[in-house]
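**Q** Provided below: my_file.txt, containing compact mmCIF, C-alpha atoms and all ligand atoms.
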```txt
# COMPACT_ATOMS: atom_id res chain seq x y z
CA MET M 1 0.00 0.00 0.00
CA ILE M 2 2.78 2.44 0.94
CA GLY M 3 4.49 2.80 -2.44
CA PRO M 4 4.97 5.35 -5.21
CA GLY M 5 2.32 8.08 -5.05
CA CYS M 6 0.69 6.79 -1.85
CA ARG M 7 -0.38 9.80 0.25
CA VAL M 8 0.59 9.25 3.86
CA LEU M 9 -0.32 11.53 6.75
CA MET M 10 1.76 11.07 9.91
CA VAL M 11 0.32 12.75 12.97
CA GLY M 12 2.99 13.44 15.59
CA GLY M 13 5.30 12.15 12.95
CA LEU M 14 8.64 13.86 13.37
CA GLY M 15 9.83 12.26 16.55
CA ALA M 16 12.58 9.66 16.43
CA VAL M 17 10.54 6.93 14.74
CA GLY M 18 8.49 9.22 12.52
CA THR M 19 11.57 10.90 11.07
CA ALA M 20 13.09 7.53 10.16
CA LEU M 21 9.79 6.36 8.62
CA ALA M 22 9.40 9.61 6.67
CA ARG M 23 12.90 9.14 5.21
CA GLU M 24 12.13 5.54 4.23
CA MET M 25 8.70 6.33 2.78
CA THR M 26 9.80 9.36 0.74
CA GLY M 27 13.39 8.40 -0.13
CA VAL M 28 13.02 4.65 -0.74
CA LEU M 29 9.34 3.91 -1.32
CA GLY M 30 8.37 7.04 -3.28
CA ALA M 31 5.35 7.88 -1.09
CA ARG M 32 4.11 11.44 -0.60
CA VAL M 33 4.25 12.28 3.08
CA ALA M 34 2.62 14.99 5.16
CA VAL M 35 3.19 15.55 8.86
CA ILE M 36 1.18 17.19 11.62
CA GLY M 37 3.09 18.04 14.80
CA ARG M 38 3.03 20.49 17.69
CA ARG M 39 6.31 22.22 16.94
CA PRO M 40 6.65 24.94 14.33
CA ARG M 41 7.92 23.69 10.99
CA ALA M 42 11.37 25.25 11.37
CA ALA M 43 11.98 23.38 14.61
CA ALA M 44 10.50 20.07 13.50
CA VAL M 45 11.50 19.38 9.89
CA PRO M 46 15.14 18.40 9.21
CA PRO M 47 16.74 19.81 6.03
CA ASP M 48 16.68 16.48 4.16
CA LEU M 49 12.89 16.30 4.59
CA ALA M 50 12.24 19.88 3.47
CA SER M 51 9.86 18.72 0.73
CA LEU M 52 7.38 17.33 3.31
CA VAL M 53 4.00 18.96 3.67
CA TYR M 54 3.96 20.08 7.33
CA HIS M 55 1.20 21.58 9.45
CA GLN M 56 1.34 22.59 13.07
CA ALA M 57 -1.46 21.34 15.35
CA ASP M 58 -1.93 19.65 18.69
CA VAL M 59 -3.63 16.29 18.24
CA THR M 60 -5.70 16.87 21.38
CA ASP M 61 -7.09 20.14 19.98
CA ALA M 62 -9.92 18.77 17.81
CA ALA M 63 -10.62 22.02 15.92
CA ALA M 64 -6.96 22.75 15.15
CA LEU M 65 -6.43 19.14 14.11
CA ARG M 66 -9.37 19.17 11.72
CA GLY M 67 -8.03 22.34 10.13
CA ALA M 68 -4.60 20.77 9.69
CA VAL M 69 -6.06 17.53 8.25
CA ASP M 70 -8.12 19.56 5.76
CA ALA M 71 -5.00 21.49 4.76
CA VAL M 72 -3.00 18.27 4.27
CA ALA M 73 -5.79 16.71 2.18
CA ALA M 74 -5.90 19.83 0.01
CA ALA M 75 -2.11 19.85 -0.44
CA LEU M 76 -1.84 16.13 -1.32
CA GLY M 77 -5.16 15.88 -3.20
CA GLY M 78 -6.46 13.34 -0.65
CA ILE M 79 -5.08 11.01 2.02
CA ASP M 80 -4.62 7.24 1.64
CA VAL M 81 -2.91 6.17 4.85
CA VAL M 82 -2.94 7.85 8.27
CA LEU M 83 -0.42 6.98 10.96
CA HIS M 84 -0.96 8.24 14.51
CA LEU M 85 2.55 8.41 16.03
CA ALA M 86 2.07 11.10 18.65
CA ARG M 87 3.08 10.20 22.16
CA VAL M 88 4.09 11.82 25.40
CA VAL M 89 6.36 9.85 27.70
CA ASP M 90 6.84 11.07 31.25
CA ASN M 91 8.15 8.03 33.11
CA ALA M 92 8.24 8.17 36.88
CA PRO M 93 7.02 5.99 39.72
CA LEU M 94 3.24 6.24 39.88
CA THR M 95 3.48 7.48 43.47
CA ALA M 96 5.55 10.47 42.27
CA LYS M 97 3.00 11.52 39.66
CA ASP M 98 0.03 13.83 39.90
CA ARG M 99 -3.13 13.49 37.82
CA SER M 100 -2.23 16.23 35.36
CA ARG M 101 1.04 14.55 34.34
CA ALA M 102 -0.66 11.21 33.78
CA ALA M 103 -3.57 12.92 31.99
CA ALA M 104 -1.16 14.50 29.49
CA VAL M 105 0.34 11.09 28.70
CA LEU M 106 -3.12 9.56 28.27
CA ALA M 107 -4.68 12.41 26.30
CA VAL M 108 -2.39 12.29 23.30
CA LYS M 109 -3.27 8.66 22.61
CA THR M 110 -6.92 8.60 23.72
CA ALA M 111 -8.42 12.05 23.04
CA GLY M 112 -5.84 12.37 20.26
CA THR M 113 -7.00 9.19 18.53
CA ARG M 114 -10.66 10.22 18.81
CA ALA M 115 -9.95 13.72 17.54
CA LEU M 116 -8.04 12.31 14.58
CA GLU M 117 -10.86 9.88 13.84
CA ALA M 118 -13.34 12.77 13.89
CA ALA M 119 -11.11 14.89 11.66
CA LEU M 120 -10.95 12.01 9.12
CA ALA M 121 -14.72 11.32 9.11
CA GLY M 122 -16.17 11.42 5.64
CA ARG M 123 -12.81 10.99 3.89
CA GLU M 124 -11.88 8.00 1.72
CA ILE M 125 -9.01 6.72 3.86
CA ARG M 126 -7.61 3.28 2.98
CA ALA M 127 -5.92 2.69 6.34
CA PHE M 128 -5.79 4.35 9.75
CA VAL M 129 -3.04 2.94 11.97
CA THR M 130 -2.14 3.91 15.54
CA PHE M 131 1.32 3.31 16.93
CA SER M 132 0.91 1.62 20.27
CA SER M 133 3.61 -0.17 22.25
CA LEU M 134 4.37 -3.56 23.74
CA ALA M 135 3.99 -1.67 27.02
CA ALA M 136 0.24 -2.10 26.43
CA TRP M 137 0.64 -5.89 26.47
CA PHE M 138 3.38 -6.41 29.02
CA GLY M 139 3.31 -3.23 31.15
CA LEU M 140 6.18 -0.83 31.72
CA ALA M 141 7.80 -0.12 35.07
CA GLY M 142 7.63 3.64 35.58
CA GLY M 143 5.33 4.05 32.57
CA ALA M 144 1.98 2.79 33.83
CA ASP M 145 0.19 5.77 32.28
CA TYR M 146 1.95 5.25 28.95
CA ALA M 147 1.10 1.53 28.99
CA ALA M 148 -2.54 2.36 29.80
CA ALA M 149 -2.62 5.00 27.04
CA CYS M 150 -1.36 2.45 24.52
CA ALA M 151 -3.82 -0.19 25.71
CA ALA M 152 -6.66 2.33 25.42
CA GLN M 153 -5.52 3.17 21.90
CA ASP M 154 -5.59 -0.56 20.99
CA ALA M 155 -9.14 -0.78 22.37
CA LEU M 156 -10.32 2.35 20.55
CA MET M 157 -9.08 0.95 17.25
CA ALA M 158 -10.82 -2.37 17.84
CA ALA M 159 -14.18 -0.54 17.76
CA PRO M 160 -15.74 0.07 14.35
CA GLY M 161 -14.75 3.36 12.78
CA PRO M 162 -16.85 5.89 10.93
CA GLY M 163 -15.49 5.00 7.49
CA PRO M 164 -14.84 1.87 5.42
CA GLY M 165 -11.02 1.99 5.65
CA ARG M 166 -8.87 -0.55 7.49
CA ARG M 167 -8.32 0.27 11.19
CA LEU M 168 -5.38 -1.14 13.05
CA SER M 169 -3.39 -0.55 16.20
CA ILE M 170 0.11 -2.02 16.30
CA ALA M 171 1.93 -2.53 19.58
CA TRP M 172 5.51 -2.00 18.42
CA PRO M 173 8.67 -3.32 20.02
CA GLN M 174 11.71 -1.15 20.64
CA TRP M 175 12.60 0.87 17.55
CA ALA M 176 16.22 1.43 16.61
CA TYR M 177 15.81 5.21 16.78
CA ASP M 178 14.49 5.95 20.26
CA GLU M 179 16.47 8.80 21.80
CA GLU M 180 16.70 6.87 25.06
CA LEU M 181 18.19 3.84 23.33
CA ASP M 182 21.79 3.68 24.51
CA ALA M 183 24.33 0.88 24.33
CA GLY M 184 23.28 -0.36 27.78
CA ARG M 185 19.65 -0.71 26.74
CA VAL M 186 20.60 -2.50 23.52
CA ALA M 187 22.76 -4.90 25.54
CA ALA M 188 19.94 -5.46 28.07
CA LEU M 189 17.52 -6.22 25.23
CA ARG M 190 20.00 -8.62 23.67
CA THR M 191 20.46 -10.40 27.02
CA ALA M 192 16.69 -10.76 27.22
CA GLY M 193 16.70 -12.26 23.71
CA LEU M 194 14.98 -9.22 22.19
CA GLY M 195 15.99 -6.92 19.34
CA THR M 196 15.04 -3.60 17.76
CA ILE M 197 13.17 -2.78 14.60
CA ASP M 198 14.22 -0.41 11.80
CA ALA M 199 12.13 1.63 9.37
CA ALA M 200 12.33 -0.74 6.39
CA ARG M 201 11.35 -3.78 8.46
CA GLY M 202 8.73 -1.78 10.33
CA ILE M 203 7.00 -0.73 7.13
CA ALA M 204 7.17 -4.27 5.72
CA LEU M 205 5.52 -5.58 8.91
CA LEU M 206 2.99 -2.76 8.85
CA GLU M 207 1.99 -3.84 5.33
CA ARG M 208 1.71 -7.45 6.44
CA ALA M 209 -0.47 -6.44 9.38
CA LEU M 210 -2.67 -4.33 7.12
CA ALA M 211 -3.18 -7.33 4.83
CA GLY M 212 -4.58 -9.32 7.77
CA SER M 213 -7.77 -8.68 9.68
CA ALA M 214 -6.64 -8.14 13.29
CA ALA M 215 -7.70 -4.82 14.76
CA ALA M 216 -4.85 -4.77 17.26
CA LEU M 217 -1.70 -6.82 17.24
CA ALA M 218 1.76 -6.89 18.78
CA ILE M 219 5.06 -7.22 16.98
CA VAL M 220 7.94 -8.72 18.94
CA VAL M 221 11.47 -8.96 17.58
CA GLY M 222 13.59 -11.57 19.29
CA ARG M 223 14.82 -15.13 19.58
CA PRO M 224 12.14 -17.74 18.87
CA ASP M 225 12.52 -19.36 22.31
CA VAL M 226 11.87 -15.99 24.00
CA LEU M 227 8.86 -15.36 21.80
CA ASP M 228 7.41 -18.77 22.63
CA GLY M 229 7.56 -17.85 26.31
CA LEU M 230 5.57 -14.69 25.68
CA VAL M 231 2.66 -16.45 24.04
CA GLU M 232 -0.10 -17.43 26.41
CA ARG M 233 -2.29 -20.42 25.82
CA PRO M 234 -5.79 -19.33 24.84
CA VAL M 235 -8.06 -18.91 27.83
CA ALA M 236 -11.44 -20.60 27.62
CA THR M 237 -14.10 -17.91 27.75
CA ALA M 238 -17.05 -20.13 28.69
CA ASP M 239 -17.21 -21.20 32.34
CA PRO M 240 -16.38 -24.94 32.19
CA LEU M 241 -18.17 -25.53 35.51
CA ALA M 242 -21.44 -24.45 33.95
CA GLU M 243 -21.21 -27.48 31.65
CA LEU M 244 -20.97 -30.02 34.48
CA SER M 245 -23.85 -32.15 35.78
CA ASP M 246 -24.56 -32.06 39.55
CA GLU M 247 -22.84 -35.41 39.96
CA ALA M 248 -19.76 -34.32 38.00
CA LEU M 249 -19.64 -31.08 39.97
CA ARG M 250 -19.68 -33.04 43.26
CA HIS M 251 -16.84 -35.22 41.96
CA TYR M 252 -14.91 -32.09 40.97
CA VAL M 253 -15.30 -30.56 44.45
CA ASP M 254 -14.26 -33.85 46.11
CA THR M 255 -11.18 -33.99 43.89
CA LEU M 256 -10.24 -30.43 44.85
CA ARG M 257 -10.65 -31.27 48.54
CA ALA M 258 -8.46 -34.35 48.14
CA LEU M 259 -5.80 -32.27 46.37
CA ASP M 260 -5.91 -29.64 49.13
CA ALA M 261 -5.51 -32.33 51.79
CA ALA M 262 -2.59 -33.89 49.89
CA ALA M 263 -0.91 -30.48 49.61
CA ASP M 264 -0.91 -30.18 53.42
CA ARG M 265 1.10 -33.43 53.72
CA PRO M 266 4.75 -33.58 52.71
CA ALA M 267 5.05 -35.28 49.35
CA ARG M 268 6.95 -38.57 49.19
CA GLY M 269 10.67 -37.83 49.00
CA ASP M 270 10.28 -34.26 50.30
CA PRO M 271 12.40 -33.48 53.34
CA ALA M 272 10.39 -33.37 56.56
CA PRO M 273 10.06 -29.99 58.32
CA GLY M 274 13.20 -29.32 60.31
CA ASP M 275 15.22 -31.73 58.19
CA PRO M 276 18.50 -29.97 57.28
CA ALA M 277 17.99 -31.15 53.71
CA ALA M 278 15.07 -28.67 53.52
CA VAL M 279 17.53 -25.80 53.80
CA ASP M 280 19.48 -24.49 50.86
CA PRO M 281 23.06 -25.26 51.84
CA ALA M 282 24.19 -21.77 50.83
CA PRO M 283 21.34 -19.28 51.37
CA VAL M 284 21.93 -15.90 49.80
CA ASP M 285 21.45 -12.87 51.99
CA PRO M 286 19.02 -10.41 50.33
CA GLU M 287 21.36 -7.49 50.98
CA THR M 288 24.22 -9.31 49.23
CA ALA M 289 21.96 -10.19 46.30
CA ILE M 290 20.78 -6.57 45.97
CA ARG M 291 24.36 -5.21 46.07
CA ALA M 292 25.48 -7.71 43.44
CA ALA M 293 22.55 -6.84 41.15
CA LEU M 294 23.13 -3.09 41.54
CA ALA M 295 26.84 -3.48 40.86
CA ARG M 296 26.08 -5.52 37.75
CA HIS M 297 23.31 -3.43 36.21
CA LEU M 298 24.30 0.07 37.34
CA LYS M 299 28.04 -0.51 36.99
CA VAL M 300 28.70 0.84 40.49
CA ASP M 301 31.52 -0.15 42.79
CA PRO M 302 29.97 -2.42 45.48
CA ALA M 303 32.14 -0.61 48.05
CA ARG M 304 29.98 2.49 47.43
CA LEU M 305 26.83 0.62 48.37
CA ALA M 306 25.91 1.24 52.00
CA PRO M 307 22.67 -0.14 53.48
CA ALA M 308 21.18 3.38 53.39
CA THR M 309 22.05 3.92 49.70
CA VAL M 310 18.97 5.21 47.87
CA PHE M 311 18.40 3.51 44.50
CA ALA M 312 17.32 6.74 42.80
CA ASP M 313 20.67 8.33 43.75
CA LEU M 314 22.41 5.61 41.74
CA GLY M 315 20.45 6.55 38.61
CA LEU M 316 18.06 3.59 38.78
CA ASP M 317 15.41 4.06 36.10
CA SER M 318 12.44 1.84 35.34
CA ILE M 319 14.28 -0.35 32.85
CA LYS M 320 17.24 -0.90 35.15
CA ALA M 321 14.84 -1.59 38.02
CA LEU M 322 13.41 -4.43 35.94
CA HIS M 323 16.85 -5.97 35.48
CA VAL M 324 17.88 -5.51 39.11
CA ALA M 325 14.59 -7.07 40.25
CA GLU M 326 15.06 -10.03 37.89
CA THR M 327 18.61 -10.65 39.06
CA VAL M 328 17.70 -10.44 42.74
CA ALA M 329 14.73 -12.75 42.16
CA GLY M 330 17.01 -15.28 40.45
CA ALA M 331 19.53 -15.15 43.30
CA LEU M 332 16.97 -15.53 46.10
CA GLY M 333 14.43 -17.76 44.38
CA VAL M 334 11.51 -15.49 45.29
CA GLU M 335 9.39 -13.18 43.20
CA VAL M 336 10.68 -9.58 43.16
CA GLU M 337 8.37 -7.14 41.40
CA PRO M 338 10.22 -4.02 40.12
CA VAL M 339 7.76 -1.82 42.05
CA LEU M 340 9.34 -3.11 45.28
CA LEU M 341 12.38 -0.96 44.46
CA VAL M 342 10.10 2.06 44.56
CA GLU M 343 8.21 1.03 47.67
CA HIS M 344 11.46 0.15 49.48
CA PRO M 345 13.91 2.68 48.07
CA THR M 346 17.12 1.71 49.91
CA ILE M 347 19.21 -1.44 50.05
CA ALA M 348 18.36 -2.01 53.72
CA THR M 349 14.60 -1.49 53.39
CA LEU M 350 14.35 -3.66 50.28
CA ALA M 351 16.43 -6.38 51.92
CA ALA M 352 14.10 -6.31 54.94
CA ALA M 353 11.05 -6.61 52.70
CA LEU M 354 12.59 -9.52 50.81
CA ARG M 355 13.54 -11.35 54.00
CA GLU M 356 9.82 -11.51 54.75
CA ARG M 357 9.36 -13.45 51.52
CA LEU M 358 12.02 -16.04 52.21
CA SER M 359 11.12 -19.32 53.83
CA PRO M 360 11.91 -19.21 57.59
CA PRO M 361 15.25 -21.08 57.50
CA LEU M 362 16.54 -18.88 54.68
CA ARG M 363 15.22 -15.79 56.45
CA GLU M 364 17.11 -16.67 59.62
CA ALA M 365 20.25 -17.49 57.67
CA GLY M 366 20.13 -14.06 56.02
CA GLU M 367 19.73 -12.19 59.30
N1 LIG F 401 10.41 4.64 20.37
C1 LIG F 401 10.12 3.37 20.46
O1 LIG F 401 11.00 2.50 20.55
C2 LIG F 401 8.69 2.94 20.42
C3 LIG F 401 8.36 1.63 20.82
C4 LIG F 401 7.03 1.22 20.75
C5 LIG F 401 6.07 2.10 20.28
N2 LIG F 401 6.42 3.36 19.91
C6 LIG F 401 5.36 4.26 19.42
O2 LIG F 401 5.80 4.83 18.20
C7 LIG F 401 5.40 6.18 18.11
C8 LIG F 401 6.56 7.09 17.79
O3 LIG F 401 7.53 6.97 18.81
P1 LIG F 401 8.78 7.95 18.87
O4 LIG F 401 9.86 7.23 19.61
O5 LIG F 401 9.07 8.50 17.53
O6 LIG F 401 8.23 9.10 19.81
P2 LIG F 401 8.89 10.52 20.12
O7 LIG F 401 10.28 10.59 19.58
O8 LIG F 401 8.67 10.75 21.56
O9 LIG F 401 8.01 11.50 19.26
C9 LIG F 401 6.68 11.70 19.60
C10 LIG F 401 6.09 12.72 18.69
O10 LIG F 401 4.78 12.97 19.15
C11 LIG F 401 4.49 14.31 18.86
N3 LIG F 401 3.47 14.79 19.77
C12 LIG F 401 3.45 14.69 21.12
N4 LIG F 401 2.34 15.24 21.60
C13 LIG F 401 1.66 15.72 20.54
C14 LIG F 401 0.43 16.40 20.40
N5 LIG F 401 -0.31 16.71 21.46
N6 LIG F 401 0.02 16.72 19.16
C15 LIG F 401 0.77 16.43 18.09
N7 LIG F 401 1.94 15.76 18.14
C16 LIG F 401 2.38 15.42 19.37
C17 LIG F 401 5.79 15.06 19.02
O11 LIG F 401 5.73 16.14 18.13
P3 LIG F 401 6.23 17.60 18.56
O12 LIG F 401 7.62 17.39 19.06
O13 LIG F 401 6.11 18.39 17.35
O14 LIG F 401 5.32 18.02 19.64
C18 LIG F 401 6.84 14.02 18.62
O15 LIG F 401 7.23 14.22 17.31
C19 LIG F 401 4.71 6.52 19.42
O16 LIG F 401 3.32 6.47 19.23
C20 LIG F 401 5.12 5.41 20.36
O17 LIG F 401 4.10 5.14 21.30
C21 LIG F 401 7.70 3.81 19.97
```
Let's see the structure in the file written out as structure tokens.
Ligand SMILES: NC(=O)c1ccc[n+]([C@@H]2O[C@H](COP(=O)([O-])OP(=O)(O)OC[C@H]3O[C@@H](n4cnc5c(N)ncnc54)[C@H](OP(=O)(O)O)[C@@H]3O)[C@@H](O)[C@H]2O)c1
**A**
Amino acid sequence: MIGPGCRVLMVGGLGAVGTALAREMTGVLGARVAVIGRRPRAAAVPPDLASLVYHQADVTDAAALRGAVDAVAAALGGIDVVLHLARVVDNAPLTAKDRSRAAAVLAVKTAGTRALEAALAGREIRAFVTFSSLAAWFGLAGGADYAAACAAQDALMAAPGPGPGRRLSIAWPQWAYDEELDAGRVAALRTAGLGTIDAARGIALLERALAGSAAALAIVVGRPDVLDGLVERPVATADPLAELSDEALRHYVDTLRALDAAADRPARGDPAPGDPAAVDPAPVDPETAIRAALARHLKVDPARLAPATVFADLGLDSIKALHVAETVAGALGVEVEPVLLVEHPTIATLAAALRERLSPPLREAGE
């Protein structure tokens, strides 16, 4: 669809990803591209994209947006494909945010998508695509509002639109152009078995997605074994209990009771309570595990890490918090949600919280 002569409107389109896509679409694919953004043209359009049609409007300002869309349609003689790329990212722990900051993150993708839809009503658009994020599917530490905004955008696009054109929301993986993408983040992605996506591949996948019928889908770039782990088995929607006869239901309840009773007894071969074999021979102290993870992921000298060290002072951001939490969880064998690093912001307080999660013998060994 996006080939020679195709008229593409990108809304919020001259950020990191939009600029790369505009270069690919105009320079390689021969499409005609127009952009709507908040900044004035001189600040937004790089010299090599000077031939772009550009109009200034805020996507959350419905009247201004309609005016800009009308101007683009007049300049290009119509619009074939619309890409909503606008986003606001303002990552911080949820507890450190006020409503207005979160509202700004949400508005650009929710009110912005609706306003764009309204501005396009009555036009012969072939495809309207919103750029969501994998954050909508898997969450994002520090970016709960952004993840919610993307999920809302996916949901909005799943509803029928006013026109006949194809509607689609794509939850993208990490692009190769994000300004926050540094060598550390690339390495962390690689360790997790994930990769980045570039403009040529992104457009090829966009075309493939448009050829299908899904209203919202996620694209993940990574090793096949990692991808397999991300795919959930389908969940049955009907309540299976509703299908059971009274007799079968009684049998089901009896079976559950028997399983519960069996769970209270030590399984054959399990060490009895108090048996030294029940204790990990080398329990890891939570404080040691936290120091090791911080040293590894934040590249800090462990000697600098006192019990009262505050994670934020070490430059811990949401992504690094994920990695530190994963490493500590692996070392201790307990679940460690990244949010714990926010709720317990020092080495000592986090260690104390994690000790509560350890089985008693391990807890005592760590004290
Ligand atoms: N970067 C990634 O790796 C990644 C991963 C997954 C999904 N995505 C999605 O891909 C899209 C592009 O990402 P990006 O990295 O290029 O983002 P970006 O660099 O942060 O750029 C965002 C753009 O949104 C525009 N914008 C913000 N608020 C606006 C408003 N109210 N009205 C009009 N335009 C507005 C900005 O334009 P002005 O500067 O002119 O205001 C800016 O050009 C986003 O929708 C994002 O959710 C990105």
**Q** Give me the residues near stretch 323-339 of chain M as a ChimeraX atom specification, where near means some atom within 12 Å (using all atoms listed in the file) and where sequence neighbours in that chain fewer than 3 positions away do not count.
**A** /M:92-95,139-144,184-185,187-189,191-192,280,282-299,311,316-320,342-345,347,350-351,353-359,362-363,366
**Q** Please find the residues contacting ligand LIG 401 (chain F) at a distance of at most 7 Å between atoms, with all atoms listed in the file counted, and report them as a PyMOL selection string.
**A** chain M and resi 11-18+36-39+44+57-60+84-89+108+131-134+150+171-179
**Q** Take atom CA of M:Leu194 and atom CA of M:Leu340 and report the distance between them in Å, one decimal.
**A**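 Separation of atom CA of M:Leu194 and atom CA of M:Leu340: 24.5 Å.
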**Q** Skip M:Pro162 itself and residues of its chain fewer than 3 positions away, then list as a list in words all residues within 9 Å of it, counting all atoms listed in the file.
**A** Glu117, Ala118, Leu120, Ala121, Gly122 and Gly165 of chain M
**Q** Taking only C-alpha atoms into account, which of M:Val300, M:Ala312, M:Ala64, M:Leu168 comes nearest M:Ala155?
**A** M:Leu168
**Q** So which one's closest to M:Glu207, M:Arg166, M:Arg123, M:Arg41, M:Lys97? Using all atoms listed in the file, please.
**A**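 So, comparing all the options, the nearest one is M:Arg166.
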**Q** If we count all atoms listed in the file, what is near M:Cys6 at a cut-off of 9 Å, once residues fewer than 6 positions away on the same chain are taken out, given as number ranges by chain?
**A** M: 30-33, 79-81
**Q** Choose the residue, out of M:Thr349, M:Ala321, M:Ala34, M:Ala111, that has the smallest atom-to-atom separation from M:Ala306; count all atoms listed in the file.
**A**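 Of M:Thr349, M:Ala321, M:Ala34, M:Ala111, the one nearest M:Ala306 is M:Thr349, counting all atoms listed in the file.
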**Q** Check the smallest atom-to-atom distance from each of M:Val53, M:Ala209, M:Pro307, M:Thr130 to M:Ala352 using all atoms listed in the file, then report the winner.
**A** M:Pro307
**Q** Show me, as a list of chain:residue names, the residues that have an atom within 8 Å of M:Asp145 when counting all atoms listed in the file, minus same-chain residues fewer than 2 positions from it.
**A**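 The contact residues come out as M:Ala102, M:Val105, M:Leu106, M:Gly143, M:Ala147, M:Ala148, M:Ala149.
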**Q** If I take atom CA of M:Asp225 and atom CA of M:Glu180, how far is one from the other in Å, to one decimal?
**A**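 Going from atom CA of M:Asp225 over to atom CA of M:Glu180 covers 26.7 Å.
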**Q** Could you jot down the atom CA of M:Ile197 to atom CA of M:Ala218 separation for me, Å, one decimal place?
**A** 12.8 Å
**Q** With distances taken over only C-alpha atoms, which residue among M:Leu181, M:Leu49, M:Val28, M:Ala73 lies nearest M:Pro4?
**A**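 For M:Pro4, the nearest of the given residues is M:Val28.
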**Q** Counting all atoms listed in the file, write as JSON, numbers by chain all protein and nucleic acid residues lying at most 9 Å from (18.4, 13.6, 8.2) in the file's frame.
**A** {"M": [19, 20, 23, 46, 47, 48, 49]}
**Q** Calculate, to one decimal in Å, the centre and edge lengths of the box along x, y and z of the file that holds all listed atoms of stretch 180-192 of chain M with 4 Å of margin on each side, and present them as JSON.
**A**
```
{"center_x": 20.5, "center_y": -1.9, "center_z": 25.7, "size_x": 15.6, "size_y": 25.6, "size_z": 12.7}
```
**Q** For each of M:Ala42, M:Val69, M:Ala104, M:Ala152, take the minimum atom-to-atom distance to M:Ala119, counting all atoms listed in the file, then give the residue where this is smallest.
**A**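 Ranked by minimum distance to M:Ala119, first place goes to M:Val69.
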